[in-house]
$ cat input-v2.cif   # mmCIF, C-alpha atoms
data_final
loop_
_atom_site.group_PDB
_atom_site.id
_atom_site.type_symbol
_atom_site.label_atom_id
_atom_site.label_comp_id
_atom_site.auth_asym_id
_atom_site.auth_seq_id
_atom_site.Cartn_x
_atom_site.Cartn_y
_atom_site.Cartn_z
ATOM 1 C CA MET A 1 -6.109 -24.375 -37.064
ATOM 2 C CA GLY A 2 -8.206 -25.959 -34.360
ATOM 3 C CA TYR A 3 -5.510 -28.377 -33.183
ATOM 4 C CA ARG A 4 -3.677 -25.696 -31.240
ATOM 5 C CA ILE A 5 -6.867 -24.566 -29.526
ATOM 6 C CA ILE A 6 -7.949 -28.132 -28.781
ATOM 7 C CA GLY A 7 -4.498 -28.991 -27.406
ATOM 8 C CA LEU A 8 -4.353 -25.886 -25.252
ATOM 9 C CA LEU A 9 -7.911 -26.418 -24.026
ATOM 10 C CA ALA A 10 -7.037 -30.003 -23.076
ATOM 11 C CA ALA A 11 -3.951 -28.816 -21.169
ATOM 12 C CA VAL A 12 -5.985 -26.162 -19.327
ATOM 13 C CA VAL A 13 -8.680 -28.672 -18.363
ATOM 14 C CA ILE A 14 -6.115 -31.230 -17.174
ATOM 15 C CA GLY A 15 -4.382 -28.560 -15.091
ATOM 16 C CA LEU A 16 -7.704 -27.409 -13.642
ATOM 17 C CA LEU A 17 -8.601 -30.981 -12.716
ATOM 18 C CA LEU A 18 -5.203 -31.542 -11.084
ATOM 19 C CA VAL A 19 -5.563 -28.427 -8.958
ATOM 20 C CA ARG A 20 -9.150 -29.259 -8.089
ATOM 21 C CA ARG A 21 -8.100 -32.696 -6.910
ATOM 22 C CA ASN A 22 -5.035 -31.530 -4.985
ATOM 23 C CA ARG A 23 -4.080 -27.899 -4.526
ATOM 24 C CA LYS A 24 -0.417 -28.759 -4.044
ATOM 25 C CA TRP A 25 -0.272 -28.815 -7.868
ATOM 26 C CA ALA A 26 -0.893 -25.041 -8.030
ATOM 27 C CA ARG A 27 2.744 -23.963 -7.632
ATOM 28 C CA PRO A 28 4.269 -26.474 -10.100
ATOM 29 C CA LEU A 29 1.549 -25.695 -12.633
ATOM 30 C CA ALA A 30 2.228 -21.971 -12.239
ATOM 31 C CA VAL A 31 5.920 -22.577 -13.022
ATOM 32 C CA VAL A 32 4.997 -24.638 -16.090
ATOM 33 C CA TRP A 33 2.519 -21.939 -17.176
ATOM 34 C CA LEU A 34 5.137 -19.177 -16.815
ATOM 35 C CA ALA A 35 7.662 -21.189 -18.815
ATOM 36 C CA GLY A 36 5.060 -21.850 -21.507
ATOM 37 C CA MET A 37 4.135 -18.159 -21.645
ATOM 38 C CA ALA A 38 7.777 -17.118 -21.998
ATOM 39 C CA TYR A 39 8.240 -19.684 -24.751
ATOM 40 C CA ALA A 40 5.094 -18.633 -26.643
ATOM 41 C CA ALA A 41 5.600 -14.896 -26.181
ATOM 42 C CA PHE A 42 9.324 -14.615 -26.860
ATOM 43 C CA LEU A 43 11.382 -17.717 -27.513
ATOM 44 C CA ILE A 44 9.670 -19.030 -30.660
ATOM 45 C CA ARG A 45 9.574 -15.659 -32.376
ATOM 46 C CA THR A 46 11.839 -14.149 -34.993
ATOM 47 C CA PRO A 47 12.461 -10.431 -34.456
ATOM 48 C CA TYR A 48 10.860 -7.926 -36.804
ATOM 49 C CA ALA A 49 12.987 -5.177 -38.339
ATOM 50 C CA ALA A 50 10.836 -2.481 -36.705
ATOM 51 C CA PRO A 51 8.356 -2.348 -33.835
ATOM 52 C CA ARG A 52 4.805 -3.359 -34.739
ATOM 53 C CA ALA A 53 1.615 -2.350 -32.978
ATOM 54 C CA LEU A 54 -2.100 -2.762 -33.595
ATOM 55 C CA PHE A 55 -4.434 -0.439 -31.704
ATOM 56 C CA ASP A 56 -7.670 -1.501 -33.414
ATOM 57 C CA PRO A 57 -9.961 -3.006 -30.760
ATOM 58 C CA PHE A 58 -11.805 -6.171 -31.812
ATOM 59 C CA HIS A 59 -9.720 -6.355 -34.991
ATOM 60 C CA ALA A 60 -10.005 -10.145 -35.333
ATOM 61 C CA LEU A 61 -13.750 -10.070 -34.708
ATOM 62 C CA LYS A 62 -14.180 -7.380 -37.351
ATOM 63 C CA LEU A 63 -12.258 -9.495 -39.871
ATOM 64 C CA PHE A 64 -14.394 -12.505 -39.000
ATOM 65 C CA LEU A 65 -17.622 -10.568 -39.458
ATOM 66 C CA LYS A 66 -16.487 -8.897 -42.717
ATOM 67 C CA ALA A 67 -15.605 -12.187 -44.374
ATOM 68 C CA ASP A 68 -19.220 -13.337 -44.595
ATOM 69 C CA ASN A 69 -18.690 -14.715 -48.110
ATOM 70 C CA VAL A 70 -15.934 -17.084 -46.895
ATOM 71 C CA ALA A 71 -16.574 -20.591 -45.547
ATOM 72 C CA LEU A 72 -17.059 -20.690 -41.783
ATOM 73 C CA LEU A 73 -13.994 -22.837 -41.073
ATOM 74 C CA LYS A 74 -11.764 -20.394 -42.940
ATOM 75 C CA ARG A 75 -13.403 -17.446 -41.173
ATOM 76 C CA LEU A 76 -12.744 -19.042 -37.792
ATOM 77 C CA ARG A 77 -9.004 -18.661 -38.426
ATOM 78 C CA TYR A 78 -9.435 -14.961 -37.733
ATOM 79 C CA LEU A 79 -10.600 -15.818 -34.212
ATOM 80 C CA GLU A 80 -7.964 -18.466 -33.486
ATOM 81 C CA GLY A 81 -5.485 -16.006 -31.990
ATOM 82 C CA ALA A 82 -8.166 -14.505 -29.770
ATOM 83 C CA GLY A 83 -9.180 -17.958 -28.559
ATOM 84 C CA LEU A 84 -5.586 -18.903 -27.839
ATOM 85 C CA ASN A 85 -4.978 -15.691 -25.892
ATOM 86 C CA ILE A 86 -8.086 -16.253 -23.787
ATOM 87 C CA LEU A 87 -7.134 -19.866 -23.065
ATOM 88 C CA LEU A 88 -3.535 -18.911 -22.265
ATOM 89 C CA PHE A 89 -4.636 -16.713 -19.366
ATOM 90 C CA VAL A 90 -7.300 -19.002 -17.863
ATOM 91 C CA PRO A 91 -4.641 -20.836 -15.798
ATOM 92 C CA PHE A 92 -3.341 -17.482 -14.558
ATOM 93 C CA GLY A 93 -6.826 -16.544 -13.372
ATOM 94 C CA TYR A 94 -7.413 -19.721 -11.411
ATOM 95 C CA LEU A 95 -3.898 -20.166 -10.054
ATOM 96 C CA LEU A 96 -3.256 -16.603 -8.874
ATOM 97 C CA PRO A 97 -5.854 -16.582 -6.048
ATOM 98 C CA LEU A 98 -4.545 -19.938 -4.846
ATOM 99 C CA LEU A 99 -0.970 -18.688 -4.715
ATOM 100 C CA TRP A 100 -1.501 -15.078 -3.641
ATOM 101 C CA LYS A 101 -4.297 -14.564 -1.137
ATOM 102 C CA ARG A 102 -4.396 -10.788 -1.741
ATOM 103 C CA THR A 103 -6.076 -11.470 -5.090
ATOM 104 C CA ASP A 104 -9.347 -12.483 -3.482
ATOM 105 C CA ARG A 105 -11.624 -10.438 -5.794
ATOM 106 C CA TRP A 106 -12.272 -10.821 -9.502
ATOM 107 C CA TRP A 107 -11.121 -7.310 -10.341
ATOM 108 C CA LYS A 108 -7.757 -7.884 -8.647
ATOM 109 C CA VAL A 109 -7.165 -11.002 -10.751
ATOM 110 C CA VAL A 110 -8.211 -9.189 -13.935
ATOM 111 C CA LEU A 111 -6.001 -6.209 -13.066
ATOM 112 C CA CYS A 112 -3.014 -8.504 -12.449
ATOM 113 C CA GLY A 113 -3.739 -10.325 -15.721
ATOM 114 C CA PHE A 114 -3.940 -7.013 -17.554
ATOM 115 C CA VAL A 115 -0.655 -5.784 -16.039
ATOM 116 C CA LEU A 116 1.151 -9.037 -16.887
ATOM 117 C CA SER A 117 -0.267 -8.943 -20.401
ATOM 118 C CA LEU A 118 0.785 -5.295 -20.771
ATOM 119 C CA LEU A 119 4.328 -6.192 -19.683
ATOM 120 C CA ILE A 120 4.425 -8.988 -22.266
ATOM 121 C CA GLU A 121 3.069 -6.741 -25.018
ATOM 122 C CA LEU A 122 5.482 -3.901 -24.195
ATOM 123 C CA THR A 123 8.408 -6.332 -24.112
ATOM 124 C CA GLN A 124 7.371 -7.672 -27.517
ATOM 125 C CA LEU A 125 7.182 -4.108 -28.832
ATOM 126 C CA VAL A 126 10.596 -3.090 -27.487
ATOM 127 C CA THR A 127 12.381 -6.298 -28.486
ATOM 128 C CA HIS A 128 10.543 -6.544 -31.847
ATOM 129 C CA LEU A 129 9.586 -10.117 -30.868
ATOM 130 C CA GLY A 130 5.940 -10.000 -31.827
ATOM 131 C CA MET A 131 3.448 -7.204 -32.018
ATOM 132 C CA PHE A 132 1.828 -4.986 -29.421
ATOM 133 C CA ASP A 133 -1.857 -5.791 -29.916
ATOM 134 C CA LEU A 134 -4.721 -4.166 -28.021
ATOM 135 C CA ASP A 135 -6.846 -7.273 -28.638
ATOM 136 C CA ASP A 136 -4.256 -9.383 -26.816
ATOM 137 C CA LEU A 137 -4.630 -7.194 -23.715
ATOM 138 C CA MET A 138 -8.410 -7.548 -23.800
ATOM 139 C CA ASN A 139 -8.392 -11.290 -24.514
ATOM 140 C CA ASN A 140 -5.759 -12.070 -21.882
ATOM 141 C CA SER A 141 -7.739 -10.086 -19.296
ATOM 142 C CA LEU A 142 -10.889 -11.974 -20.268
ATOM 143 C CA GLY A 143 -8.996 -15.254 -19.875
ATOM 144 C CA ALA A 144 -7.862 -14.230 -16.390
ATOM 145 C CA PHE A 145 -11.471 -13.405 -15.485
ATOM 146 C CA LEU A 146 -12.705 -16.765 -16.787
ATOM 147 C CA GLY A 147 -9.977 -18.532 -14.814
ATOM 148 C CA TRP A 148 -10.997 -16.661 -11.674
ATOM 149 C CA GLY A 149 -14.574 -17.751 -12.322
ATOM 150 C CA CYS A 150 -13.460 -21.378 -12.563
ATOM 151 C CA ASP A 151 -11.694 -21.070 -9.225
ATOM 152 C CA ALA A 152 -14.435 -19.119 -7.500
ATOM 153 C CA LYS A 153 -17.329 -21.289 -8.637
ATOM 154 C CA TRP A 154 -15.916 -24.676 -9.470
ATOM 155 C CA LEU A 155 -12.741 -25.213 -7.476
ATOM 156 C CA SER A 156 -13.626 -23.614 -4.176
ATOM 157 C CA GLY A 157 -17.403 -23.581 -4.485
ATOM 158 C CA SER A 158 -17.563 -20.067 -3.071
ATOM 159 C CA ASP A 159 -18.989 -16.852 -4.467
ATOM 160 C CA ARG A 160 -16.045 -14.678 -3.442
#

$ encode --input "input-v2.cif" --output "structure tokens"
Amino acid sequence: MGYRIIGLLAAVVIGLLLVRRNRKWARPLAVVWLAGMAYAAFLIRTPYAAPRALFDPFHALKLFLKADNVALLKRLRYLEGAGLNILLFVPFGYLLPLLWKRTDRWWKVVLCGFVLSLLIELTQLVTHLGMFDLDDLMNNSLGAFLGWGCDAKWLSGSDR
């Protein structure tokens, strides 16, 4: 369970450090991130017979909290997908302002992250490659916000 999160977290941190050290890495890392997103969102999936959607906000958190009689490590599996979705969009949040100067405010980055996430979710719904999940939209937007925060506070040292 935790290996995917640890691996993704390590990749995000390495990318953040590369960009912090030399901003010329922003564009190549964005290309790698986009390829990784396409792979994770579409290419490794087997189509479902019918469209699937989940419109229950905080579904994973509710499952985690309900399973109070289950060992903590097993309960954490309910939150793994949420953690992965957050981590997947952190690079988006810190790379976007570096590559597109019009996204100079946190809400612009979050809005762009939400729109990209919505496009991914709708594509998964239409192609039956995955499930449209409201939690994914929220977690991806949160990841974009956290990435913006890394850029605004840590990379550039400004308050934007």

$ closest_residue --input "input-v2.cif" --among "A:Ala71, A:Leu18, A:Leu146, A:Ala41" --to "Trp107 in chain A" --atoms "all atoms listed in the file"
A:Leu146

$ resolve_selection --input "input-v2.cif" --expression "the PyMOL selection byres ((chain A and resi 80) around 9)" --output "PyMOL selection string"
chain A and resi 1-2+4-5+60+76-79+81-85

$ resolve_selection --input "input-v2.cif" --expression "the PyMOL selection byres ((chain A and resi 53) around 10)" --output "PyMOL selection string"
chain A and resi 50-52+54-56+121-122+124-125+128+130-134

$ write_last_selection --input "input-v2.cif" --atoms "C-alpha atoms" --output "mmCIF file, in the frame of the given file"
data_model
loop_
_atom_site.group_PDB
_atom_site.id
_atom_site.type_symbol
_atom_site.label_atom_id
_atom_site.label_comp_id
_atom_site.auth_asym_id
_atom_site.auth_seq_id
_atom_site.Cartn_x
_atom_site.Cartn_y
_atom_site.Cartn_z
ATOM 1 C CA ALA A 50 10.836 -2.481 -36.705
ATOM 2 C CA PRO A 51 8.356 -2.348 -33.835
ATOM 3 C CA ARG A 52 4.805 -3.359 -34.739
ATOM 4 C CA LEU A 54 -2.100 -2.762 -33.595
ATOM 5 C CA PHE A 55 -4.434 -0.439 -31.704
ATOM 6 C CA ASP A 56 -7.670 -1.501 -33.414
ATOM 7 C CA GLU A 121 3.069 -6.741 -25.018
ATOM 8 C CA LEU A 122 5.482 -3.901 -24.195
ATOM 9 C CA GLN A 124 7.371 -7.672 -27.517
ATOM 10 C CA LEU A 125 7.182 -4.108 -28.832
ATOM 11 C CA HIS A 128 10.543 -6.544 -31.847
ATOM 12 C CA GLY A 130 5.940 -10.000 -31.827
ATOM 13 C CA MET A 131 3.448 -7.204 -32.018
ATOM 14 C CA PHE A 132 1.828 -4.986 -29.421
ATOM 15 C CA ASP A 133 -1.857 -5.791 -29.916
ATOM 16 C CA LEU A 134 -4.721 -4.166 -28.021
#

$ closest_residue --input "input-v2.cif" --among "A:Pro91, A:Leu118, A:Gly7, A:Arg20" --to "Trp148 in chain A" --atoms "only C-alpha atoms"
A:Pro91

$ atom_distance --input "input-v2.cif" --atom1 "CA of Leu111 in chain A" --atom2 "CA of Ala144 in chain A"
8.9 Å

$ atom_distance --input "input-v2.cif" --atom1 "CA of Met37 in chain A" --atom2 "CA of Ser117 in chain A"
10.3 Å

$ closest_residue --input "input-v2.cif" --among "A:Ala11, A:Leu61, A:Leu88, A:Leu99" --to "Ala26 in chain A" --atoms "all atoms listed in the file"
A:Leu99

$ atom_distance --input "input-v2.cif" --atom1 "CA of Thr46 in chain A" --atom2 "CA of Ala67 in chain A"
29.1 Å

$ residues_near_point --input "input-v2.cif" --point "(-4.5, -16.7, -15.9)" --cutoff "8 Å" --atoms "all atoms listed in the file" --output "VMD selection string"
chain A and resid 88 to 96 113 140 143 to 145 147 to 148

$ write_last_selection --input "input-v2.cif" --atoms "C-alpha atoms" --output "JSON list (two decimals), in the coordinates of the input"
[["chain", "number", "residue", "atom", "x", "y", "z"],
["A", 88, "LEU", "CA", -3.54, -18.91, -22.26],
["A", 89, "PHE", "CA", -4.64, -16.71, -19.37],
["A", 90, "VAL", "CA", -7.30, -19.00, -17.86],
["A", 91, "PRO", "CA", -4.64, -20.84, -15.80],
["A", 92, "PHE", "CA", -3.34, -17.48, -14.56],
["A", 93, "GLY", "CA", -6.83, -16.54, -13.37],
["A", 94, "TYR", "CA", -7.41, -19.72, -11.41],
["A", 95, "LEU", "CA", -3.90, -20.17, -10.05],
["A", 96, "LEU", "CA", -3.26, -16.60, -8.87],
["A", 113, "GLY", "CA", -3.74, -10.32, -15.72],
["A", 140, "ASN", "CA", -5.76, -12.07, -21.88],
["A", 143, "GLY", "CA", -9.00, -15.25, -19.88],
["A", 144, "ALA", "CA", -7.86, -14.23, -16.39],
["A", 145, "PHE", "CA", -11.47, -13.40, -15.48],
["A", 147, "GLY", "CA", -9.98, -18.53, -14.81],
["A", 148, "TRP", "CA", -11.00, -16.66, -11.67]]

$ resolve_selection --input "input-v2.cif" --expression "the PyMOL selection byres ((chain A and resi 19) around 12)" --output "list in words"
Val12, Val13, Ile14, Gly15, Leu16, Leu17, Leu18, Arg20, Arg21, Asn22, Arg23, Lys24, Trp25, Ala26, Arg27, Pro28, Leu29, Ala30, Pro91, Tyr94, Leu95, Leu98, Leu99, Cys150, Asp151, Trp154, Leu155 and Ser156 of chain A

$ closest_residue --input "input-v2.cif" --among "A:Leu72, A:Gly149, A:His59, A:Ile86" --to "Asp104 in chain A" --atoms "all atoms listed in the file"
A:Gly149
